>>> print(open('run_5.cif').read())   # mmCIF, N, CA and C atoms
data_run
#
loop_
_atom_site.label_atom_id
_atom_site.label_comp_id
_atom_site.auth_asym_id
_atom_site.auth_seq_id
_atom_site.Cartn_x
_atom_site.Cartn_y
_atom_site.Cartn_z
N MET A 1 -45.96 -81.24 -75.57
CA MET A 1 -46.76 -80.56 -74.59
C MET A 1 -47.94 -81.46 -74.22
N LEU A 2 -47.65 -82.57 -73.55
CA LEU A 2 -48.70 -83.50 -73.18
C LEU A 2 -49.54 -82.98 -72.03
N ALA A 3 -48.91 -82.31 -71.12
CA ALA A 3 -49.69 -81.71 -70.02
C ALA A 3 -49.04 -80.40 -69.64
N LEU A 4 -49.84 -79.48 -69.23
CA LEU A 4 -49.36 -78.18 -68.82
C LEU A 4 -49.64 -78.04 -67.33
N LEU A 5 -48.58 -77.84 -66.58
CA LEU A 5 -48.74 -77.73 -65.13
C LEU A 5 -48.62 -76.28 -64.74
N LEU A 6 -49.65 -75.75 -64.15
CA LEU A 6 -49.66 -74.36 -63.73
C LEU A 6 -49.85 -74.32 -62.22
N GLY A 7 -48.88 -73.77 -61.50
CA GLY A 7 -48.99 -73.69 -60.05
C GLY A 7 -49.03 -72.25 -59.61
N PHE A 8 -49.85 -71.93 -58.62
CA PHE A 8 -49.97 -70.58 -58.12
C PHE A 8 -49.84 -70.62 -56.60
N TYR A 9 -49.02 -69.75 -56.08
CA TYR A 9 -48.80 -69.67 -54.64
C TYR A 9 -49.43 -68.38 -54.13
N PHE A 10 -50.26 -68.48 -53.12
CA PHE A 10 -50.91 -67.32 -52.55
C PHE A 10 -50.12 -66.89 -51.32
N THR A 11 -49.68 -65.66 -51.29
CA THR A 11 -48.90 -65.17 -50.16
C THR A 11 -49.77 -65.13 -48.92
N GLY A 12 -49.15 -65.48 -47.79
CA GLY A 12 -49.87 -65.46 -46.53
C GLY A 12 -50.70 -66.71 -46.28
N GLU A 13 -50.74 -67.61 -47.24
CA GLU A 13 -51.49 -68.85 -47.07
C GLU A 13 -50.55 -70.02 -47.30
N ALA A 14 -50.78 -71.10 -46.61
CA ALA A 14 -49.90 -72.25 -46.70
C ALA A 14 -50.29 -73.20 -47.83
N ARG A 15 -51.37 -72.90 -48.50
CA ARG A 15 -51.85 -73.83 -49.52
C ARG A 15 -51.31 -73.47 -50.90
N VAL A 16 -51.25 -74.44 -51.74
CA VAL A 16 -50.83 -74.27 -53.12
C VAL A 16 -51.96 -74.78 -53.99
N ILE A 17 -52.39 -73.95 -54.94
CA ILE A 17 -53.44 -74.38 -55.85
C ILE A 17 -52.79 -74.75 -57.16
N THR A 18 -53.02 -75.95 -57.60
CA THR A 18 -52.43 -76.42 -58.84
C THR A 18 -53.54 -76.76 -59.81
N LYS A 19 -53.40 -76.28 -61.00
CA LYS A 19 -54.36 -76.59 -62.05
C LYS A 19 -53.63 -77.35 -63.13
N ILE A 20 -54.18 -78.46 -63.54
CA ILE A 20 -53.58 -79.26 -64.60
C ILE A 20 -54.52 -79.26 -65.78
N ALA A 21 -54.02 -78.84 -66.91
CA ALA A 21 -54.83 -78.82 -68.13
C ALA A 21 -54.27 -79.86 -69.09
N LYS A 22 -55.09 -80.82 -69.45
CA LYS A 22 -54.66 -81.83 -70.42
C LYS A 22 -54.51 -81.17 -71.78
N HIS A 23 -53.64 -81.71 -72.56
CA HIS A 23 -53.44 -81.16 -73.90
C HIS A 23 -54.62 -81.60 -74.77
N LEU A 24 -55.38 -80.65 -75.23
CA LEU A 24 -56.54 -80.92 -76.08
C LEU A 24 -56.20 -80.51 -77.50
N THR A 25 -56.65 -81.29 -78.46
CA THR A 25 -56.42 -80.92 -79.85
C THR A 25 -57.53 -80.02 -80.36
N LYS A 26 -58.75 -80.23 -79.85
CA LYS A 26 -59.88 -79.40 -80.25
C LYS A 26 -60.82 -79.24 -79.06
N VAL A 27 -61.53 -78.11 -79.04
CA VAL A 27 -62.48 -77.84 -77.97
C VAL A 27 -63.62 -77.00 -78.56
N ARG A 28 -64.81 -77.14 -77.98
CA ARG A 28 -65.95 -76.34 -78.44
C ARG A 28 -65.64 -74.87 -78.24
N ILE A 29 -66.00 -74.06 -79.23
CA ILE A 29 -65.66 -72.64 -79.16
C ILE A 29 -66.39 -71.92 -78.03
N ASP A 30 -67.64 -72.30 -77.75
CA ASP A 30 -68.36 -71.63 -76.65
C ASP A 30 -67.70 -71.93 -75.30
N LYS A 31 -67.23 -73.17 -75.12
CA LYS A 31 -66.54 -73.52 -73.88
C LYS A 31 -65.23 -72.75 -73.75
N TRP A 32 -64.50 -72.63 -74.85
CA TRP A 32 -63.21 -71.94 -74.81
C TRP A 32 -63.40 -70.46 -74.50
N LEU A 33 -64.37 -69.81 -75.16
CA LEU A 33 -64.62 -68.39 -74.91
C LEU A 33 -65.04 -68.13 -73.47
N TRP A 34 -65.79 -69.06 -72.90
CA TRP A 34 -66.21 -68.94 -71.51
C TRP A 34 -65.04 -69.20 -70.56
N SER A 35 -64.24 -70.21 -70.87
CA SER A 35 -63.15 -70.59 -69.97
C SER A 35 -62.03 -69.56 -69.92
N ILE A 36 -61.82 -68.81 -70.99
CA ILE A 36 -60.78 -67.77 -70.97
C ILE A 36 -61.36 -66.42 -70.59
N ARG A 37 -62.61 -66.41 -70.14
CA ARG A 37 -63.26 -65.23 -69.56
C ARG A 37 -63.58 -64.12 -70.55
N ILE A 38 -63.85 -64.47 -71.80
CA ILE A 38 -64.33 -63.47 -72.76
C ILE A 38 -65.80 -63.18 -72.47
N PHE A 39 -66.54 -64.25 -72.10
CA PHE A 39 -67.94 -64.12 -71.72
C PHE A 39 -68.13 -64.60 -70.29
N LYS A 40 -69.09 -63.99 -69.57
CA LYS A 40 -69.30 -64.31 -68.16
C LYS A 40 -69.93 -65.69 -67.95
N SER A 41 -70.71 -66.14 -68.92
CA SER A 41 -71.33 -67.46 -68.77
C SER A 41 -71.28 -68.18 -70.11
N ARG A 42 -71.39 -69.49 -70.03
CA ARG A 42 -71.37 -70.28 -71.26
C ARG A 42 -72.62 -70.02 -72.09
N THR A 43 -73.72 -69.73 -71.43
CA THR A 43 -74.96 -69.42 -72.14
C THR A 43 -74.79 -68.16 -72.98
N ILE A 44 -74.14 -67.16 -72.42
CA ILE A 44 -73.90 -65.91 -73.17
C ILE A 44 -72.99 -66.20 -74.35
N ALA A 45 -71.98 -67.03 -74.16
CA ALA A 45 -71.07 -67.39 -75.25
C ALA A 45 -71.83 -68.14 -76.36
N THR A 46 -72.71 -69.05 -75.97
CA THR A 46 -73.52 -69.79 -76.94
C THR A 46 -74.45 -68.85 -77.70
N ASP A 47 -75.08 -67.93 -76.99
CA ASP A 47 -75.98 -66.97 -77.63
C ASP A 47 -75.23 -66.08 -78.61
N ALA A 48 -74.01 -65.69 -78.27
CA ALA A 48 -73.20 -64.87 -79.18
C ALA A 48 -72.88 -65.64 -80.46
N CYS A 49 -72.61 -66.93 -80.32
CA CYS A 49 -72.36 -67.77 -81.50
C CYS A 49 -73.61 -67.87 -82.36
N LYS A 50 -74.75 -68.08 -81.72
CA LYS A 50 -76.02 -68.19 -82.45
C LYS A 50 -76.36 -66.89 -83.18
N ALA A 51 -75.99 -65.75 -82.58
CA ALA A 51 -76.29 -64.46 -83.18
C ALA A 51 -75.29 -64.08 -84.26
N GLY A 52 -74.30 -64.90 -84.51
CA GLY A 52 -73.32 -64.62 -85.55
C GLY A 52 -72.25 -63.63 -85.13
N LYS A 53 -72.07 -63.44 -83.83
CA LYS A 53 -71.08 -62.48 -83.35
C LYS A 53 -69.71 -63.11 -83.14
N VAL A 54 -69.59 -64.41 -83.35
CA VAL A 54 -68.31 -65.10 -83.25
C VAL A 54 -67.98 -65.64 -84.63
N ARG A 55 -66.80 -65.28 -85.13
CA ARG A 55 -66.41 -65.67 -86.49
C ARG A 55 -65.00 -66.24 -86.51
N ILE A 56 -64.79 -67.14 -87.44
CA ILE A 56 -63.46 -67.66 -87.73
C ILE A 56 -63.28 -67.56 -89.23
N ALA A 57 -62.20 -66.93 -89.65
CA ALA A 57 -61.92 -66.69 -91.07
C ALA A 57 -63.09 -65.97 -91.75
N GLY A 58 -63.72 -65.06 -91.03
CA GLY A 58 -64.80 -64.26 -91.59
C GLY A 58 -66.15 -64.94 -91.65
N GLU A 59 -66.22 -66.20 -91.27
CA GLU A 59 -67.48 -66.96 -91.32
C GLU A 59 -68.04 -67.14 -89.91
N PRO A 60 -69.34 -66.89 -89.71
CA PRO A 60 -69.93 -67.15 -88.39
C PRO A 60 -69.88 -68.64 -88.08
N VAL A 61 -69.67 -68.97 -86.81
CA VAL A 61 -69.57 -70.37 -86.40
C VAL A 61 -70.64 -70.71 -85.38
N LYS A 62 -70.98 -71.98 -85.33
CA LYS A 62 -71.92 -72.47 -84.32
C LYS A 62 -71.17 -72.65 -83.01
N ALA A 63 -71.93 -72.74 -81.93
CA ALA A 63 -71.33 -72.93 -80.61
C ALA A 63 -70.59 -74.26 -80.52
N SER A 64 -70.97 -75.22 -81.33
CA SER A 64 -70.35 -76.55 -81.29
C SER A 64 -69.10 -76.65 -82.17
N TYR A 65 -68.71 -75.55 -82.80
CA TYR A 65 -67.52 -75.56 -83.66
C TYR A 65 -66.31 -76.01 -82.85
N GLN A 66 -65.53 -76.92 -83.41
CA GLN A 66 -64.35 -77.44 -82.74
C GLN A 66 -63.15 -76.55 -83.06
N LEU A 67 -62.72 -75.78 -82.08
CA LEU A 67 -61.62 -74.84 -82.23
C LEU A 67 -60.29 -75.57 -82.09
N ALA A 68 -59.35 -75.25 -82.97
CA ALA A 68 -58.01 -75.83 -82.91
C ALA A 68 -57.02 -74.75 -82.47
N GLU A 69 -55.84 -75.17 -82.06
CA GLU A 69 -54.81 -74.22 -81.66
C GLU A 69 -54.41 -73.32 -82.81
N ASN A 70 -54.03 -72.10 -82.49
CA ASN A 70 -53.56 -71.08 -83.44
C ASN A 70 -54.61 -70.56 -84.39
N GLU A 71 -55.88 -70.87 -84.16
CA GLU A 71 -56.95 -70.28 -84.97
C GLU A 71 -57.27 -68.90 -84.39
N VAL A 72 -57.61 -67.98 -85.28
CA VAL A 72 -57.96 -66.62 -84.86
C VAL A 72 -59.48 -66.52 -84.78
N VAL A 73 -59.97 -66.10 -83.62
CA VAL A 73 -61.40 -65.99 -83.36
C VAL A 73 -61.76 -64.51 -83.28
N ALA A 74 -62.72 -64.08 -84.08
CA ALA A 74 -63.20 -62.70 -84.05
C ALA A 74 -64.50 -62.67 -83.26
N VAL A 75 -64.56 -61.79 -82.27
CA VAL A 75 -65.73 -61.68 -81.40
C VAL A 75 -66.24 -60.25 -81.43
N LYS A 76 -67.53 -60.08 -81.72
CA LYS A 76 -68.15 -58.76 -81.65
C LYS A 76 -68.89 -58.69 -80.32
N LYS A 77 -68.44 -57.78 -79.47
CA LYS A 77 -69.00 -57.69 -78.13
C LYS A 77 -69.15 -56.23 -77.75
N ASP A 78 -70.33 -55.82 -77.35
CA ASP A 78 -70.61 -54.44 -76.94
C ASP A 78 -70.24 -53.43 -78.03
N GLY A 79 -70.40 -53.80 -79.29
CA GLY A 79 -70.11 -52.89 -80.38
C GLY A 79 -68.64 -52.81 -80.77
N PHE A 80 -67.79 -53.62 -80.14
CA PHE A 80 -66.37 -53.64 -80.46
C PHE A 80 -66.01 -54.98 -81.08
N ASN A 81 -65.04 -54.97 -81.98
CA ASN A 81 -64.59 -56.19 -82.66
C ASN A 81 -63.24 -56.61 -82.10
N PHE A 82 -63.23 -57.69 -81.33
CA PHE A 82 -62.01 -58.21 -80.73
C PHE A 82 -61.56 -59.45 -81.51
N GLU A 83 -60.25 -59.67 -81.56
CA GLU A 83 -59.70 -60.86 -82.20
C GLU A 83 -58.71 -61.52 -81.26
N TYR A 84 -58.82 -62.85 -81.15
CA TYR A 84 -57.96 -63.61 -80.25
C TYR A 84 -57.41 -64.82 -80.99
N ARG A 85 -56.13 -65.14 -80.75
CA ARG A 85 -55.52 -66.35 -81.30
C ARG A 85 -55.47 -67.38 -80.17
N ALA A 86 -55.99 -68.56 -80.42
CA ALA A 86 -56.03 -69.63 -79.43
C ALA A 86 -54.65 -70.26 -79.29
N LEU A 87 -54.02 -70.07 -78.13
CA LEU A 87 -52.71 -70.65 -77.88
C LEU A 87 -52.81 -71.98 -77.14
N ILE A 88 -53.61 -72.00 -76.10
CA ILE A 88 -53.83 -73.22 -75.30
C ILE A 88 -55.33 -73.46 -75.23
N LEU A 89 -55.75 -74.67 -75.51
CA LEU A 89 -57.17 -75.01 -75.49
C LEU A 89 -57.52 -75.58 -74.12
N ILE A 90 -58.50 -74.95 -73.48
CA ILE A 90 -58.97 -75.41 -72.17
C ILE A 90 -60.49 -75.48 -72.18
N GLU A 91 -61.03 -76.37 -71.35
CA GLU A 91 -62.49 -76.52 -71.25
C GLU A 91 -63.04 -75.98 -69.94
N LYS A 92 -62.22 -75.98 -68.92
CA LYS A 92 -62.66 -75.54 -67.59
C LYS A 92 -62.29 -74.09 -67.38
N ARG A 93 -63.16 -73.36 -66.70
CA ARG A 93 -62.91 -71.94 -66.42
C ARG A 93 -61.77 -71.82 -65.42
N VAL A 94 -60.86 -70.89 -65.70
CA VAL A 94 -59.71 -70.68 -64.83
C VAL A 94 -59.65 -69.21 -64.43
N GLY A 95 -58.76 -68.90 -63.51
CA GLY A 95 -58.60 -67.52 -63.06
C GLY A 95 -58.03 -66.65 -64.15
N ALA A 96 -58.19 -65.35 -63.99
CA ALA A 96 -57.75 -64.40 -65.00
C ALA A 96 -56.25 -64.49 -65.31
N PRO A 97 -55.36 -64.66 -64.30
CA PRO A 97 -53.94 -64.75 -64.63
C PRO A 97 -53.60 -65.95 -65.51
N VAL A 98 -54.33 -67.05 -65.33
CA VAL A 98 -54.10 -68.23 -66.15
C VAL A 98 -54.75 -68.06 -67.52
N ALA A 99 -55.93 -67.44 -67.53
CA ALA A 99 -56.68 -67.28 -68.78
C ALA A 99 -55.90 -66.49 -69.82
N VAL A 100 -55.20 -65.44 -69.41
CA VAL A 100 -54.48 -64.61 -70.38
C VAL A 100 -53.33 -65.35 -71.04
N THR A 101 -52.87 -66.45 -70.45
CA THR A 101 -51.80 -67.23 -71.07
C THR A 101 -52.34 -68.17 -72.14
N CYS A 102 -53.65 -68.33 -72.21
CA CYS A 102 -54.26 -69.27 -73.15
C CYS A 102 -54.61 -68.66 -74.50
N TYR A 103 -54.47 -67.34 -74.62
CA TYR A 103 -54.78 -66.68 -75.89
C TYR A 103 -53.85 -65.50 -76.10
N GLU A 104 -53.80 -65.05 -77.34
CA GLU A 104 -53.05 -63.85 -77.69
C GLU A 104 -54.05 -62.86 -78.28
N ASP A 105 -54.05 -61.65 -77.76
CA ASP A 105 -54.96 -60.63 -78.26
C ASP A 105 -54.36 -60.02 -79.52
N VAL A 106 -54.99 -60.29 -80.67
CA VAL A 106 -54.50 -59.77 -81.95
C VAL A 106 -55.47 -58.72 -82.51
N THR A 107 -56.20 -58.08 -81.62
CA THR A 107 -57.13 -57.03 -82.02
C THR A 107 -56.33 -55.85 -82.58
N SER A 108 -56.87 -55.20 -83.62
CA SER A 108 -56.18 -54.07 -84.24
C SER A 108 -56.03 -52.93 -83.23
N GLU A 109 -54.97 -52.16 -83.40
CA GLU A 109 -54.71 -51.03 -82.50
C GLU A 109 -55.85 -50.01 -82.54
N GLU A 110 -56.42 -49.81 -83.71
CA GLU A 110 -57.53 -48.88 -83.85
C GLU A 110 -58.70 -49.29 -82.96
N GLU A 111 -59.03 -50.57 -82.97
CA GLU A 111 -60.15 -51.07 -82.17
C GLU A 111 -59.82 -51.01 -80.68
N LYS A 112 -58.57 -51.30 -80.31
CA LYS A 112 -58.15 -51.20 -78.91
C LYS A 112 -58.26 -49.76 -78.41
N ASN A 113 -57.83 -48.81 -79.23
CA ASN A 113 -57.91 -47.41 -78.86
C ASN A 113 -59.36 -46.95 -78.71
N LYS A 114 -60.22 -47.44 -79.60
CA LYS A 114 -61.65 -47.13 -79.54
C LYS A 114 -62.24 -47.66 -78.23
N TYR A 115 -61.85 -48.88 -77.84
CA TYR A 115 -62.34 -49.49 -76.61
C TYR A 115 -61.83 -48.72 -75.39
N LYS A 116 -60.54 -48.38 -75.39
CA LYS A 116 -59.96 -47.64 -74.26
C LYS A 116 -60.64 -46.29 -74.09
N ALA A 117 -60.89 -45.60 -75.20
CA ALA A 117 -61.55 -44.30 -75.14
C ALA A 117 -62.96 -44.46 -74.57
N TRP A 118 -63.67 -45.49 -74.99
CA TRP A 118 -65.02 -45.73 -74.48
C TRP A 118 -64.96 -46.06 -72.99
N PHE A 119 -64.00 -46.91 -72.60
CA PHE A 119 -63.91 -47.37 -71.21
C PHE A 119 -63.56 -46.21 -70.28
N GLN A 120 -62.66 -45.32 -70.72
CA GLN A 120 -62.28 -44.19 -69.88
C GLN A 120 -63.39 -43.17 -69.76
N ASN A 121 -64.20 -43.03 -70.80
CA ASN A 121 -65.28 -42.04 -70.80
C ASN A 121 -66.63 -42.67 -70.49
N ALA A 122 -66.64 -43.85 -69.89
CA ALA A 122 -67.90 -44.55 -69.63
C ALA A 122 -68.82 -43.74 -68.71
N ALA A 123 -68.24 -43.02 -67.76
CA ALA A 123 -69.07 -42.23 -66.85
C ALA A 123 -69.65 -41.00 -67.55
N ALA A 124 -68.90 -40.46 -68.48
CA ALA A 124 -69.34 -39.25 -69.18
C ALA A 124 -69.89 -39.60 -70.56
N THR A 125 -70.75 -40.59 -70.61
CA THR A 125 -71.28 -41.04 -71.89
C THR A 125 -72.33 -40.06 -72.43
N ASN A 126 -72.52 -40.07 -73.72
CA ASN A 126 -73.51 -39.18 -74.32
C ASN A 126 -74.86 -39.89 -74.49
N GLU A 127 -74.99 -41.06 -73.95
CA GLU A 127 -76.25 -41.79 -74.01
C GLU A 127 -77.09 -41.38 -72.81
N ARG A 128 -78.04 -40.55 -73.03
CA ARG A 128 -78.87 -40.05 -71.94
C ARG A 128 -80.35 -40.15 -72.32
N ARG A 129 -81.16 -40.29 -71.30
CA ARG A 129 -82.61 -40.28 -71.50
C ARG A 129 -83.14 -39.00 -70.88
N GLU A 130 -84.25 -38.54 -71.42
CA GLU A 130 -84.89 -37.35 -70.87
C GLU A 130 -85.30 -37.60 -69.43
N LYS A 131 -85.16 -36.60 -68.61
CA LYS A 131 -85.55 -36.72 -67.21
C LYS A 131 -87.04 -37.01 -67.13
N GLY A 132 -87.39 -38.01 -66.34
CA GLY A 132 -88.79 -38.38 -66.19
C GLY A 132 -89.27 -39.39 -67.21
N ALA A 133 -88.40 -39.77 -68.17
CA ALA A 133 -88.80 -40.73 -69.19
C ALA A 133 -88.83 -42.16 -68.64
N GLY A 134 -88.14 -42.39 -67.53
CA GLY A 134 -88.13 -43.72 -66.93
C GLY A 134 -87.26 -44.69 -67.70
N ARG A 135 -87.35 -45.94 -67.31
CA ARG A 135 -86.57 -46.96 -67.98
C ARG A 135 -87.15 -47.26 -69.35
N PRO A 136 -86.29 -47.69 -70.30
CA PRO A 136 -86.82 -48.05 -71.61
C PRO A 136 -87.66 -49.32 -71.51
N THR A 137 -88.68 -49.41 -72.33
CA THR A 137 -89.48 -50.63 -72.38
C THR A 137 -88.66 -51.70 -73.07
N LYS A 138 -89.16 -52.91 -73.04
CA LYS A 138 -88.44 -54.02 -73.68
C LYS A 138 -88.26 -53.75 -75.17
N LYS A 139 -89.31 -53.23 -75.81
CA LYS A 139 -89.24 -52.91 -77.24
C LYS A 139 -88.21 -51.82 -77.51
N GLU A 140 -88.23 -50.76 -76.69
CA GLU A 140 -87.26 -49.68 -76.86
C GLU A 140 -85.84 -50.17 -76.63
N ARG A 141 -85.64 -51.02 -75.62
CA ARG A 141 -84.32 -51.56 -75.33
C ARG A 141 -83.79 -52.38 -76.50
N ARG A 142 -84.64 -53.19 -77.10
CA ARG A 142 -84.24 -53.99 -78.25
C ARG A 142 -83.86 -53.10 -79.44
N GLU A 143 -84.63 -52.03 -79.64
CA GLU A 143 -84.31 -51.09 -80.72
C GLU A 143 -82.96 -50.40 -80.47
N ILE A 144 -82.71 -50.04 -79.22
CA ILE A 144 -81.43 -49.40 -78.86
C ILE A 144 -80.28 -50.37 -79.12
N GLU A 145 -80.42 -51.64 -78.67
CA GLU A 145 -79.36 -52.64 -78.86
C GLU A 145 -79.12 -52.91 -80.34
N LYS A 146 -80.21 -52.97 -81.12
CA LYS A 146 -80.07 -53.19 -82.57
C LYS A 146 -79.32 -52.02 -83.21
N PHE A 147 -79.66 -50.80 -82.81
CA PHE A 147 -79.01 -49.61 -83.33
C PHE A 147 -77.52 -49.62 -83.00
N LYS A 148 -77.18 -49.99 -81.75
CA LYS A 148 -75.77 -50.02 -81.34
C LYS A 148 -74.99 -51.09 -82.08
N ASP A 149 -75.60 -52.25 -82.33
CA ASP A 149 -74.91 -53.33 -83.05
C ASP A 149 -74.64 -52.98 -84.49
N ASP A 150 -75.49 -52.13 -85.09
CA ASP A 150 -75.32 -51.74 -86.50
C ASP A 150 -74.15 -50.80 -86.70
N GLU A 151 -73.69 -50.13 -85.66
CA GLU A 151 -72.61 -49.14 -85.80
C GLU A 151 -71.31 -49.79 -86.15
#
>>> encode(input="run_5.cif", output="C-alpha cells")
Amino acid sequence: MLALLLGFYFTGEARVITKIAKHLTKVRIDKWLWSIRIFKSRTIATDACKAGKVRIAGEPVKASYQLAENEVVAVKKDGFNFEYRALILIEKRVGAPVAVTCYEDVTSEEEKNKYKAWFQNAAATNERREKGAGRPTKKERREIEKFKDDE
C-alpha cells in the first residue's frame, strides 16, 4: 500500500477531484484527529491532548505522539468516551466520506446508545437556567464544564 488513490465524481459537474494520500508509517495524533474530523480544528485537538482527554492504551498522550496504524485511540469529548482504530494515517484534512474510511469506530455499544439518546433529546434537555438569570459568567461556565466532565 505505497499510495492510496481516492477519486470522487460529483454529479452534474465535469470535474473530478482526486486526493492522493502517501503511505505514512506514523503521524502526529493531533493532526490525525483533526484530519479525520473528530475535532473541528487542530488547536482543539491539541488542547484535548493537553487536557488528558486523548488516551492510547489507557495512558494520556501528548499532541506530538506519533500514532501508528491499528492503534486504538480513546477520546473523551462532550462527556462521551469514543474509541477509534487508526486504519489509514493521513495528515491533511479530507471530506467526511473519505475520513470515515481512515478509521474504525470501536466505541462500546453502551456509549453509542448513550450518545444517540443525548443527540435525539438535545432539544428537550434538562439543563435549564432560571428565567432572568442571564448567561453564565466565565467562572460559572467553567464550574459547569468541570461538573459535566466529572460525570
>>> atom_distance(input="run_5.cif", atom1="atom CA of Lys76 of chain A", atom2="atom N of Pro97 of chain A")
22.3 Å
>>> closest_residue(input="run_5.cif", among="A:Arg37, A:Arg135, A:Arg129, A:Arg42", to="Ser64 of chain A", atoms="only C-alpha atoms")
A:Arg42
>>> select_by_dssp(input="run_5.cif", residues="segment 64-138 of chain A", states="strand (DSSP E or B)", output="PyMOL selection string")
chain A and resi 66-68+72-77+80-86+103-105
>>> closest_residue(input="run_5.cif", among="A:Tyr115, A:Ala57, A:Lys131, A:Thr25", to="Ile88 of chain A", atoms="only C-alpha atoms")
A:Thr25
>>> closest_residue(input="run_5.cif", among="A:Ala48, A:Ala63, A:Gly58, A:Ile38", to="Val100 of chain A", atoms="only C-alpha atoms")
A:Ile38
>>> resolve_selection(input="run_5.cif", expression="the PyMOL selection byres ((chain A and resi 93) around 6.5)", output="number ranges by chain")
A: 34-36, 90-92, 94-95
>>> atom_distance(input="run_5.cif", atom1="atom C of Tyr65 of chain A", atom2="atom N of Leu33 of chain A")
10.1 Å
>>> atom_distance(input="run_5.cif", atom1="atom CA of Val106 of chain A", atom2="atom CA of Phe147 of chain A")
26.6 Å
>>> residues_near_point(input="run_5.cif", point="(-52.1, -65.5, -77.2)", cutoff="6.5 Å", atoms="only N, CA and C atoms", output="short mmCIF file (atom, residue, chain, number, x, y, z; two decimals) with N, CA and C atoms, in the coordinates of the input")
data_model
loop_
_atom_site.label_atom_id
_atom_site.label_comp_id
_atom_site.auth_asym_id
_atom_site.auth_seq_id
_atom_site.Cartn_x
_atom_site.Cartn_y
_atom_site.Cartn_z
N ARG A 85 -56.13 -65.14 -80.75
CA ARG A 85 -55.52 -66.35 -81.30
C ARG A 85 -55.47 -67.38 -80.17
N ALA A 86 -55.99 -68.56 -80.42
CA ALA A 86 -56.03 -69.63 -79.43
C ALA A 86 -54.65 -70.26 -79.29
N LEU A 87 -54.02 -70.07 -78.13
CA LEU A 87 -52.71 -70.65 -77.88
C LEU A 87 -52.81 -71.98 -77.14
N VAL A 100 -55.20 -65.44 -69.41
CA VAL A 100 -54.48 -64.61 -70.38
C VAL A 100 -53.33 -65.35 -71.04
N THR A 101 -52.87 -66.45 -70.45
CA THR A 101 -51.80 -67.23 -71.07
C THR A 101 -52.34 -68.17 -72.14
N CYS A 102 -53.65 -68.33 -72.21
CA CYS A 102 -54.26 -69.27 -73.15
C CYS A 102 -54.61 -68.66 -74.50
N TYR A 103 -54.47 -67.34 -74.62
CA TYR A 103 -54.78 -66.68 -75.89
C TYR A 103 -53.85 -65.50 -76.10
N GLU A 104 -53.80 -65.05 -77.34
CA GLU A 104 -53.05 -63.85 -77.69
C GLU A 104 -54.05 -62.86 -78.28
N ASP A 105 -54.05 -61.65 -77.76
CA ASP A 105 -54.96 -60.63 -78.26
C ASP A 105 -54.36 -60.02 -79.52
#
>>> closest_residue(input="run_5.cif", among="A:Leu89, A:Ala99, A:Ala117, A:Ala74", to="Pro60 of chain A", atoms="only C-alpha atoms")
A:Ala74
>>> select_by_dssp(input="run_5.cif", residues="segment 49-150 of chain A", states="helix (DSSP H, G or I)", output="VMD selection string")
chain A and resid 49 to 50 96 to 102 109 to 120 138 to 150
